[in-house]
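protein_16.txt (compact mmCIF, C-alpha atoms) appears below.
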```
# COMPACT_ATOMS: atom_id res chain seq x y z
CA MET A 1 13.94 112.01 -172.07
CA MET A 2 11.02 114.42 -172.61
CA HIS A 3 10.47 114.39 -168.86
CA ASN A 4 13.95 115.83 -168.26
CA ILE A 5 13.64 118.34 -171.09
CA PHE A 6 10.35 119.65 -169.68
CA PHE A 7 11.83 120.25 -166.23
CA TRP A 8 15.02 121.65 -167.77
CA PHE A 9 13.04 124.31 -169.65
CA LEU A 10 10.89 124.92 -166.57
CA MET A 11 14.00 125.55 -164.47
CA LEU A 12 15.37 127.80 -167.20
CA VAL A 13 12.22 129.95 -167.19
CA ILE A 14 12.11 130.05 -163.39
CA ASN A 15 15.79 131.04 -163.16
CA PHE A 16 15.62 133.84 -165.72
CA SER A 17 12.24 135.04 -164.39
CA CYS A 18 13.68 135.25 -160.87
CA ILE A 19 16.52 137.39 -162.23
CA LEU A 20 14.03 139.78 -163.84
CA PHE A 21 11.89 139.84 -160.68
CA ALA A 22 14.93 140.64 -158.51
CA TYR A 23 15.89 143.41 -160.96
CA ARG A 24 12.34 144.82 -161.06
CA LYS A 25 11.97 144.72 -157.28
CA PHE A 26 15.43 145.73 -156.04
CA GLY A 27 17.20 147.24 -159.05
CA LYS A 28 20.92 146.70 -159.53
CA ILE A 29 21.24 145.32 -156.00
CA GLY A 30 18.76 142.60 -156.90
CA LEU A 31 21.11 141.40 -159.63
CA TYR A 32 24.04 141.41 -157.22
CA ILE A 33 21.95 139.36 -154.76
CA TRP A 34 21.21 136.73 -157.41
CA VAL A 35 24.88 136.23 -158.33
CA PRO A 36 25.87 134.19 -155.23
CA ILE A 37 22.53 132.35 -155.33
CA SER A 38 23.16 131.16 -158.88
CA THR A 39 26.86 130.36 -158.44
CA ILE A 40 26.36 128.35 -155.24
CA LEU A 41 23.33 126.44 -156.54
CA ALA A 42 25.10 125.72 -159.83
CA ASN A 43 27.98 124.10 -157.97
CA VAL A 44 25.52 121.99 -155.97
CA GLN A 45 23.60 120.89 -159.07
CA VAL A 46 26.76 120.01 -160.97
CA VAL A 47 26.95 116.67 -159.12
CA ILE A 48 23.60 115.61 -160.66
CA LEU A 49 24.03 113.72 -163.94
CA VAL A 50 21.09 113.59 -166.36
CA ASN A 51 20.30 112.90 -170.00
CA LEU A 52 19.28 116.00 -171.98
CA PHE A 53 18.66 116.18 -175.73
CA GLY A 54 20.30 112.77 -176.06
CA LEU A 55 23.44 113.99 -174.29
CA GLU A 56 24.87 113.06 -170.90
CA ALA A 57 25.14 116.29 -168.97
CA THR A 58 25.26 117.74 -165.49
CA LEU A 59 22.73 120.13 -164.08
CA GLY A 60 23.93 123.56 -163.07
CA ASN A 61 24.39 124.88 -166.60
CA ILE A 62 21.21 126.98 -166.45
CA LEU A 63 22.04 128.59 -163.13
CA TYR A 64 25.66 129.09 -164.14
CA ALA A 65 24.54 130.74 -167.38
CA GLY A 66 22.41 133.07 -165.30
CA GLY A 67 25.64 134.77 -164.28
CA PHE A 68 26.29 135.72 -167.90
CA LEU A 69 22.74 137.07 -168.21
CA ILE A 70 23.27 139.23 -165.12
CA THR A 71 26.58 140.68 -166.30
CA ASP A 72 25.06 141.40 -169.73
CA ILE A 73 22.15 143.28 -168.14
CA LEU A 74 24.57 145.22 -165.94
CA SER A 75 26.86 145.93 -168.89
CA GLU A 76 23.98 147.20 -171.01
CA ASN A 77 22.36 149.42 -168.39
CA TYR A 78 25.10 150.36 -165.92
CA GLY A 79 28.46 149.86 -167.61
CA LYS A 80 31.58 147.75 -167.33
CA LYS A 81 32.41 148.57 -163.72
CA ALA A 82 29.03 147.36 -162.43
CA ALA A 83 29.33 144.12 -164.42
CA ASN A 84 32.83 143.44 -163.11
CA THR A 85 31.57 143.98 -159.57
CA ALA A 86 29.06 141.16 -160.11
CA VAL A 87 31.89 138.88 -161.26
CA LYS A 88 33.89 139.66 -158.12
CA ILE A 89 30.85 138.96 -155.93
CA GLY A 90 30.35 135.59 -157.62
CA PHE A 91 34.03 134.68 -157.25
CA PHE A 92 34.00 135.62 -153.57
CA SER A 93 30.85 133.56 -152.96
CA LEU A 94 32.48 130.51 -154.56
CA ILE A 95 35.62 130.82 -152.43
CA ALA A 96 33.66 131.44 -149.22
CA THR A 97 31.30 128.50 -149.85
CA THR A 98 34.18 126.16 -150.69
CA LEU A 99 36.21 127.05 -147.59
CA ILE A 100 33.29 126.99 -145.15
CA MET A 101 31.83 123.73 -146.44
CA GLN A 102 35.24 122.06 -146.51
CA CYS A 103 35.41 122.77 -142.77
CA ALA A 104 31.81 121.69 -142.20
CA ILE A 105 32.22 118.23 -143.75
CA HIS A 106 35.11 117.43 -141.40
CA PHE A 107 32.96 117.62 -138.27
CA LYS A 108 32.01 114.37 -136.56
CA PRO A 109 28.21 114.05 -136.72
CA LEU A 110 26.02 112.57 -134.00
CA ASP A 111 25.99 108.78 -134.12
CA VAL A 112 22.33 108.44 -135.06
CA PRO A 113 21.14 106.88 -138.35
CA GLU A 114 19.22 109.91 -139.61
CA GLY A 115 22.02 112.32 -138.78
CA LEU A 116 24.70 110.15 -140.35
CA ALA A 117 22.66 109.71 -143.55
CA ILE A 118 22.11 113.46 -143.92
CA PHE A 119 25.75 114.20 -143.16
CA GLU A 120 26.97 111.73 -145.79
CA SER A 121 24.61 113.23 -148.37
CA VAL A 122 25.89 116.74 -147.69
CA LYS A 123 29.48 115.50 -147.69
CA SER A 124 29.03 113.82 -151.07
CA ILE A 125 27.96 117.17 -152.55
CA PHE A 126 30.58 119.44 -151.02
CA SER A 127 33.62 117.16 -150.77
CA LEU A 128 34.92 118.29 -154.12
CA LEU A 129 38.44 117.34 -154.97
CA PRO A 130 40.77 120.36 -154.79
CA ARG A 131 41.48 120.01 -158.49
CA LEU A 132 37.80 120.38 -159.40
CA ALA A 133 37.34 123.31 -157.06
CA ILE A 134 40.39 125.09 -158.51
CA ALA A 135 39.22 124.35 -162.06
CA SER A 136 35.80 125.83 -161.30
CA LEU A 137 37.21 128.97 -159.71
CA ILE A 138 39.74 129.68 -162.46
CA ALA A 139 37.25 128.99 -165.26
CA TYR A 140 34.65 131.23 -163.62
CA LEU A 141 37.05 134.15 -163.16
CA ILE A 142 38.49 134.04 -166.68
CA SER A 143 35.23 133.46 -168.55
CA GLN A 144 33.16 136.00 -166.62
CA PHE A 145 35.67 138.83 -166.95
CA HIS A 146 36.08 137.95 -170.62
CA ASP A 147 32.30 138.10 -171.08
CA VAL A 148 32.19 141.65 -169.69
CA TRP A 149 35.18 142.74 -171.78
CA LEU A 150 33.84 141.26 -175.02
CA TYR A 151 30.33 142.64 -174.47
CA HIS A 152 31.71 146.17 -174.37
CA LYS A 153 34.12 145.53 -177.22
CA ILE A 154 31.21 144.41 -179.46
CA ARG A 155 29.23 147.42 -178.23
CA GLU A 156 31.93 149.75 -179.53
CA PHE A 157 31.30 148.51 -183.07
CA PHE A 158 27.54 147.91 -182.77
CA PRO A 159 26.22 150.43 -180.21
CA GLU A 160 22.57 150.50 -181.34
CA LYS A 161 19.90 148.87 -179.18
CA LYS A 162 18.88 146.62 -182.06
CA PHE A 163 22.23 144.86 -181.67
CA ILE A 164 21.72 143.82 -178.04
CA TRP A 165 21.20 140.27 -179.32
CA LEU A 166 24.65 140.35 -180.95
CA ARG A 167 26.37 141.70 -177.84
CA ASN A 168 24.57 139.23 -175.61
CA ASN A 169 25.02 136.09 -177.71
CA GLY A 170 28.48 136.92 -179.04
CA SER A 171 30.02 137.59 -175.63
CA THR A 172 28.21 134.78 -173.82
CA MET A 173 28.81 132.02 -176.36
CA LEU A 174 32.51 132.72 -176.74
CA SER A 175 33.01 133.19 -172.99
CA GLN A 176 31.26 129.91 -172.26
CA LEU A 177 33.53 128.24 -174.80
CA ILE A 178 36.53 129.58 -172.89
CA ASP A 179 34.97 128.45 -169.60
CA ASN A 180 34.54 124.93 -170.97
CA VAL A 181 38.09 124.72 -172.31
CA VAL A 182 39.65 125.96 -169.06
CA PHE A 183 37.52 123.82 -166.74
CA THR A 184 37.74 120.61 -168.79
CA THR A 185 41.52 120.94 -169.22
CA ILE A 186 42.32 121.67 -165.57
CA ALA A 187 39.79 119.22 -164.11
CA PHE A 188 40.15 116.23 -166.41
CA TYR A 189 43.48 116.32 -168.30
CA GLY A 190 45.39 113.18 -167.39
CA VAL A 191 42.32 111.77 -165.64
CA TYR A 192 40.30 110.77 -168.71
CA PRO A 193 41.41 109.92 -172.27
CA ILE A 194 41.28 112.81 -174.74
CA ASP A 195 38.19 111.45 -176.49
CA VAL A 196 36.27 111.27 -173.20
CA MET A 197 37.37 114.80 -172.34
CA PHE A 198 36.13 115.99 -175.72
CA ASN A 199 32.73 114.34 -175.21
CA ILE A 200 32.36 116.03 -171.82
CA PHE A 201 33.38 119.36 -173.35
CA LEU A 202 31.05 119.02 -176.35
CA SER A 203 27.92 117.96 -174.47
CA THR A 204 28.37 120.68 -171.85
CA TYR A 205 28.92 123.40 -174.44
CA ILE A 206 25.89 122.38 -176.52
CA ILE A 207 23.67 122.72 -173.43
CA LYS A 208 25.22 126.09 -172.55
CA PHE A 209 24.80 127.22 -176.17
CA ILE A 210 21.07 126.52 -176.01
CA VAL A 211 20.80 128.41 -172.71
CA ALA A 212 22.64 131.39 -174.20
CA ILE A 213 20.12 131.62 -177.03
CA CYS A 214 17.20 131.36 -174.60
CA ASP A 215 18.40 134.19 -172.35
CA THR A 216 18.38 136.82 -175.14
CA PRO A 217 14.70 137.84 -174.76
CA PHE A 218 15.31 138.41 -171.05
CA VAL A 219 18.09 140.91 -171.79
CA TYR A 220 15.68 142.86 -173.99
CA ILE A 221 12.98 142.76 -171.31
CA ALA A 222 15.44 144.03 -168.68
CA ASP A 223 16.57 146.81 -171.01
CA LYS A 224 12.95 147.88 -171.63
CA MET A 225 12.22 147.92 -167.90
CA PHE A 226 15.28 150.11 -167.38
CA ARG A 227 14.37 152.55 -170.16
CA ASP A 228 10.74 152.73 -168.98
CA LYS A 229 12.08 153.68 -165.52
CA LYS A 230 10.42 150.68 -163.86
CA ILE A 231 13.61 149.82 -161.99
CA PRO A 232 13.98 151.27 -158.48
CA GLU A 233 16.99 153.29 -157.46
CA ASP A 234 19.62 151.56 -155.33
CA ILE A 235 18.31 150.83 -151.87
```

Target format structure tokens, applied to this file:
Amino acid sequence: MMHNIFFWFLMLVINFSCILFAYRKFGKIGLYIWVPISTILANVQVVILVNLFGLEATLGNILYAGGFLITDILSENYGKKAANTAVKIGFFSLIATTLIMQCAIHFKPLDVPEGLAIFESVKSIFSLLPRLAIASLIAYLISQFHDVWLYHKIREFFPEKKFIWLRNNGSTMLSQLIDNVVFTTIAFYGVYPIDVMFNIFLSTYIIKFIVAICDTPFVYIADKMFRDKKIPEDI
């Protein structure tokens, strides 16, 4: 189990560090660039089942949570409109990837062993049932817009920089709870018994909760880079 935890934390650090690098190198556009990267990779990784912290979970939670980190950075430094733009970019990337790959997996591959094996591997990743795809899209849209809205609502009451941690954690943790409820209900209601659904919901949320706590220092680092004028203007 420690093996998985080590690589889980390593992927977490790499993901959040890439977000900061993109922000430092390209400014706000760098964050927009990372949104489709994280959303697409998260939906690829979600098919991988692993054991983390004694819980059965899917990968993808770290990359998916990166979207909340990005919108929080945008909300803090550029405002609500910029954060909502990131949500729309992520939603568009999910729809485009789903539609294009659904077409791709219906091609007839060359009848050679290597080609068939690769095709079946790709097909197993992207042949999501429509119900799962719809659940993912709806959960993403609702939770991400809610995250932006709640971040700014908390900011109205606690506007000081010392309360960035409260805005970041409060908005992300509640929004991820909503994401979990929406996705689990749409994807699995009537498919699994209620107790199984609850176990899926609980294990996923615990992992996302840990990620939300871990991303807080990165919001502060991004804010400091912005205030120190180390972020380039839009290119």

Among listed residues A:Gln102, A:Asn51, A:Asn77, A:Asn199, nearest Leu31 in chain A (using only C-alpha atoms)
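Counting only C-alpha atoms, the residue closest to Leu31 in chain A is A:Asn77.
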
Can I get the residues of range 138-234 of chain A within 12 Å of range 35-40 of chain A, each with the closest pair of atoms and their distance in Å to one decimal, using only C-alpha atoms, sorted chain first then ascending number, as CSV?
```
residue,atom,partner,partner_atom,distance
A:Tyr140,CA,A:Thr39,CA,9.4
A:Leu141,CA,A:Thr39,CA,11.9
A:Gln144,CA,A:Val35,CA,11.7
```

Using CA of Ala187 in chain A and CA of Leu132 in chain A as the two end points, give the distance in Å to one decimal.
5.2 Å

How far is it from CA of Asn168 in chain A to CA of Val181 in chain A, in Å with one decimal?
20.1 Å

Any idea what the distance is between CA of Ala222 in chain A and CA of Phe157 in chain A?
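So the answer is 21.9 Å.
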
Go through A:Tyr220, A:Phe21, A:Pro109, A:Lys28 one by one, measure the shortest atom-to-atom distance of each to Leu74 in chain A using only C-alpha atoms, and give the residue with the smallest value.
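Closest residue, counting only C-alpha atoms: A:Lys28.
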
Could you give me, as a list in words, the residues that sit within 12 Å of (14.5, 142.6, -173.3) in the file's coordinates, counting all atoms listed in the file?
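It turns out the residues near that spot are Phe16, Ser17, Leu20, Leu69, Asp72, Ile73, Glu76, Asn77, Lys161, Lys162, Phe163, Ile164, Trp165, Asn168, Cys214, Asp215, Thr216, Pro217, Phe218, Val219, Tyr220, Ile221, Ala222, Asp223, Lys224, Met225, Phe226, Arg227 and Asp228 of chain A.
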
Pick from A:Phe188, A:Phe91, A:Phe126, A:Tyr78, whichever lies nearest to His152 in chain A using all atoms listed in the file
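Using all atoms listed in the file, the shortest distance to His152 in chain A belongs to A:Tyr78.
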
Using all atoms listed in the file: which of A:Ile89, A:Phe119, A:Gly66, A:Met2 has the shortest distance to Gly54 in chain A:
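The shortest atom-to-atom distance to Gly54 in chain A comes from A:Met2.
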
So, with only C-alpha atoms as the atoms that count, which of A:Thr97, A:Thr184, A:Thr58, A:Ser175 lies closest to Thr71 in chain A?
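Between A:Thr97, A:Thr184, A:Thr58, A:Ser175, the residue approaching Thr71 in chain A most closely is A:Ser175.
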
From A:Ile207, A:Ile33, A:Ala135, A:Ala212, residue lying nearest Leu174 in chain A [all atoms listed in the file]:
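Going through A:Ile207, A:Ile33, A:Ala135, A:Ala212 one by one, the smallest distance to Leu174 in chain A is for A:Ala212.
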
Quick one: everything within 8 Å of Asn180 in chain A, counting all atoms listed in the file, minus sequence neighbours fewer than 3 positions away in the same chain. Send it as a list in words.
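These residues fall inside the cut-off: Ala139, Gln176, Leu177, Phe183, Thr184, Phe201, Thr204 and Tyr205 of chain A.
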
Adding 8 Å on each side of the box along x, y and z that holds all listed atoms of range 177-187 of chain A, could you give its centre and edge lengths in Å to one decimal, as JSON?
```
{"center_x": 37.9, "center_y": 124.4, "center_z": -169.5, "size_x": 24.8, "size_y": 26.4, "size_z": 26.7}
```

May I ask you to restore N, CA, C and O atoms in range 131-152 of chain A and write the result as a PDB file, in the frame of the given file?
```pdb
ATOM      1  N   ARG A 131      41.272 119.740-157.070  1.00  0.00           N
ATOM      2  CA  ARG A 131      41.480 120.010-158.490  1.00  0.00           C
ATOM      3  C   ARG A 131      40.215 120.521-159.169  1.00  0.00           C
ATOM      4  O   ARG A 131      40.254 121.460-159.977  1.00  0.00           O
ATOM      5  N   LEU A 132      39.065 119.937-158.826  1.00  0.00           N
ATOM      6  CA  LEU A 132      37.800 120.380-159.400  1.00  0.00           C
ATOM      7  C   LEU A 132      37.419 121.768-158.901  1.00  0.00           C
ATOM      8  O   LEU A 132      36.909 122.597-159.657  1.00  0.00           O
ATOM      9  N   ALA A 133      37.659 121.999-157.627  1.00  0.00           N
ATOM     10  CA  ALA A 133      37.340 123.310-157.060  1.00  0.00           C
ATOM     11  C   ALA A 133      38.197 124.393-157.707  1.00  0.00           C
ATOM     12  O   ALA A 133      37.701 125.475-158.064  1.00  0.00           O
ATOM     13  N   ILE A 134      39.485 124.119-157.879  1.00  0.00           N
ATOM     14  CA  ILE A 134      40.390 125.090-158.510  1.00  0.00           C
ATOM     15  C   ILE A 134      39.993 125.321-159.963  1.00  0.00           C
ATOM     16  O   ILE A 134      39.977 126.455-160.444  1.00  0.00           O
ATOM     17  N   ALA A 135      39.640 124.234-160.660  1.00  0.00           N
ATOM     18  CA  ALA A 135      39.220 124.350-162.060  1.00  0.00           C
ATOM     19  C   ALA A 135      37.986 125.234-162.174  1.00  0.00           C
ATOM     20  O   ALA A 135      37.889 126.095-163.064  1.00  0.00           O
ATOM     21  N   SER A 136      37.033 125.046-161.276  1.00  0.00           N
ATOM     22  CA  SER A 136      35.800 125.830-161.300  1.00  0.00           C
ATOM     23  C   SER A 136      36.072 127.300-161.036  1.00  0.00           C
ATOM     24  O   SER A 136      35.540 128.181-161.730  1.00  0.00           O
ATOM     25  N   LEU A 137      36.913 127.587-160.065  1.00  0.00           N
ATOM     26  CA  LEU A 137      37.210 128.970-159.710  1.00  0.00           C
ATOM     27  C   LEU A 137      37.948 129.701-160.828  1.00  0.00           C
ATOM     28  O   LEU A 137      37.606 130.834-161.188  1.00  0.00           O
ATOM     29  N   ILE A 138      38.959 129.053-161.399  1.00  0.00           N
ATOM     30  CA  ILE A 138      39.740 129.680-162.460  1.00  0.00           C
ATOM     31  C   ILE A 138      38.887 129.894-163.710  1.00  0.00           C
ATOM     32  O   ILE A 138      38.923 130.965-164.334  1.00  0.00           O
ATOM     33  N   ALA A 139      38.110 128.877-164.076  1.00  0.00           N
ATOM     34  CA  ALA A 139      37.250 128.990-165.260  1.00  0.00           C
ATOM     35  C   ALA A 139      36.220 130.096-165.083  1.00  0.00           C
ATOM     36  O   ALA A 139      35.945 130.866-166.018  1.00  0.00           O
ATOM     37  N   TYR A 140      35.646 130.188-163.898  1.00  0.00           N
ATOM     38  CA  TYR A 140      34.650 131.230-163.620  1.00  0.00           C
ATOM     39  C   TYR A 140      35.269 132.618-163.777  1.00  0.00           C
ATOM     40  O   TYR A 140      34.716 133.495-164.458  1.00  0.00           O
ATOM     41  N   LEU A 141      36.417 132.824-163.155  1.00  0.00           N
ATOM     42  CA  LEU A 141      37.050 134.150-163.160  1.00  0.00           C
ATOM     43  C   LEU A 141      37.414 134.576-164.576  1.00  0.00           C
ATOM     44  O   LEU A 141      37.113 135.702-165.004  1.00  0.00           O
ATOM     45  N   ILE A 142      38.051 133.695-165.327  1.00  0.00           N
ATOM     46  CA  ILE A 142      38.490 134.040-166.680  1.00  0.00           C
ATOM     47  C   ILE A 142      37.304 134.277-167.607  1.00  0.00           C
ATOM     48  O   ILE A 142      37.245 135.288-168.318  1.00  0.00           O
ATOM     49  N   SER A 143      36.341 133.366-167.602  1.00  0.00           N
ATOM     50  CA  SER A 143      35.230 133.460-168.550  1.00  0.00           C
ATOM     51  C   SER A 143      34.308 134.634-168.243  1.00  0.00           C
ATOM     52  O   SER A 143      33.829 135.303-169.163  1.00  0.00           O
ATOM     53  N   GLN A 144      34.072 134.906-166.976  1.00  0.00           N
ATOM     54  CA  GLN A 144      33.160 136.000-166.620  1.00  0.00           C
ATOM     55  C   GLN A 144      33.769 137.363-166.937  1.00  0.00           C
ATOM     56  O   GLN A 144      33.087 138.247-167.477  1.00  0.00           O
ATOM     57  N   PHE A 145      35.027 137.556-166.613  1.00  0.00           N
ATOM     58  CA  PHE A 145      35.670 138.830-166.950  1.00  0.00           C
ATOM     59  C   PHE A 145      35.775 138.989-168.471  1.00  0.00           C
ATOM     60  O   PHE A 145      35.641 140.096-169.001  1.00  0.00           O
ATOM     61  N   HIS A 146      36.020 137.886-169.163  1.00  0.00           N
ATOM     62  CA  HIS A 146      36.080 137.950-170.620  1.00  0.00           C
ATOM     63  C   HIS A 146      34.719 138.318-171.195  1.00  0.00           C
ATOM     64  O   HIS A 146      34.628 139.091-172.165  1.00  0.00           O
ATOM     65  N   ASP A 147      33.649 137.790-170.612  1.00  0.00           N
ATOM     66  CA  ASP A 147      32.300 138.100-171.080  1.00  0.00           C
ATOM     67  C   ASP A 147      32.031 139.601-170.991  1.00  0.00           C
ATOM     68  O   ASP A 147      31.494 140.203-171.931  1.00  0.00           O
ATOM     69  N   VAL A 148      32.395 140.204-169.875  1.00  0.00           N
ATOM     70  CA  VAL A 148      32.190 141.650-169.690  1.00  0.00           C
ATOM     71  C   VAL A 148      33.019 142.435-170.702  1.00  0.00           C
ATOM     72  O   VAL A 148      32.537 143.366-171.354  1.00  0.00           O
ATOM     73  N   TRP A 149      34.288 142.030-170.846  1.00  0.00           N
ATOM     74  CA  TRP A 149      35.180 142.740-171.780  1.00  0.00           C
ATOM     75  C   TRP A 149      34.670 142.650-173.213  1.00  0.00           C
ATOM     76  O   TRP A 149      34.601 143.656-173.929  1.00  0.00           O
ATOM     77  N   LEU A 150      34.276 141.450-173.641  1.00  0.00           N
ATOM     78  CA  LEU A 150      33.840 141.260-175.020  1.00  0.00           C
ATOM     79  C   LEU A 150      32.507 141.945-175.283  1.00  0.00           C
ATOM     80  O   LEU A 150      32.284 142.482-176.378  1.00  0.00           O
ATOM     81  N   TYR A 151      31.620 141.960-174.308  1.00  0.00           N
ATOM     82  CA  TYR A 151      30.330 142.640-174.470  1.00  0.00           C
ATOM     83  C   TYR A 151      30.561 144.098-174.834  1.00  0.00           C
ATOM     84  O   TYR A 151      29.943 144.635-175.770  1.00  0.00           O
ATOM     85  N   HIS A 152      31.458 144.744-174.112  1.00  0.00           N
ATOM     86  CA  HIS A 152      31.710 146.170-174.370  1.00  0.00           C
ATOM     87  C   HIS A 152      32.530 146.381-175.637  1.00  0.00           C
ATOM     88  O   HIS A 152      32.391 147.415-176.301  1.00  0.00           O
TER      89      HIS A 152
END
```
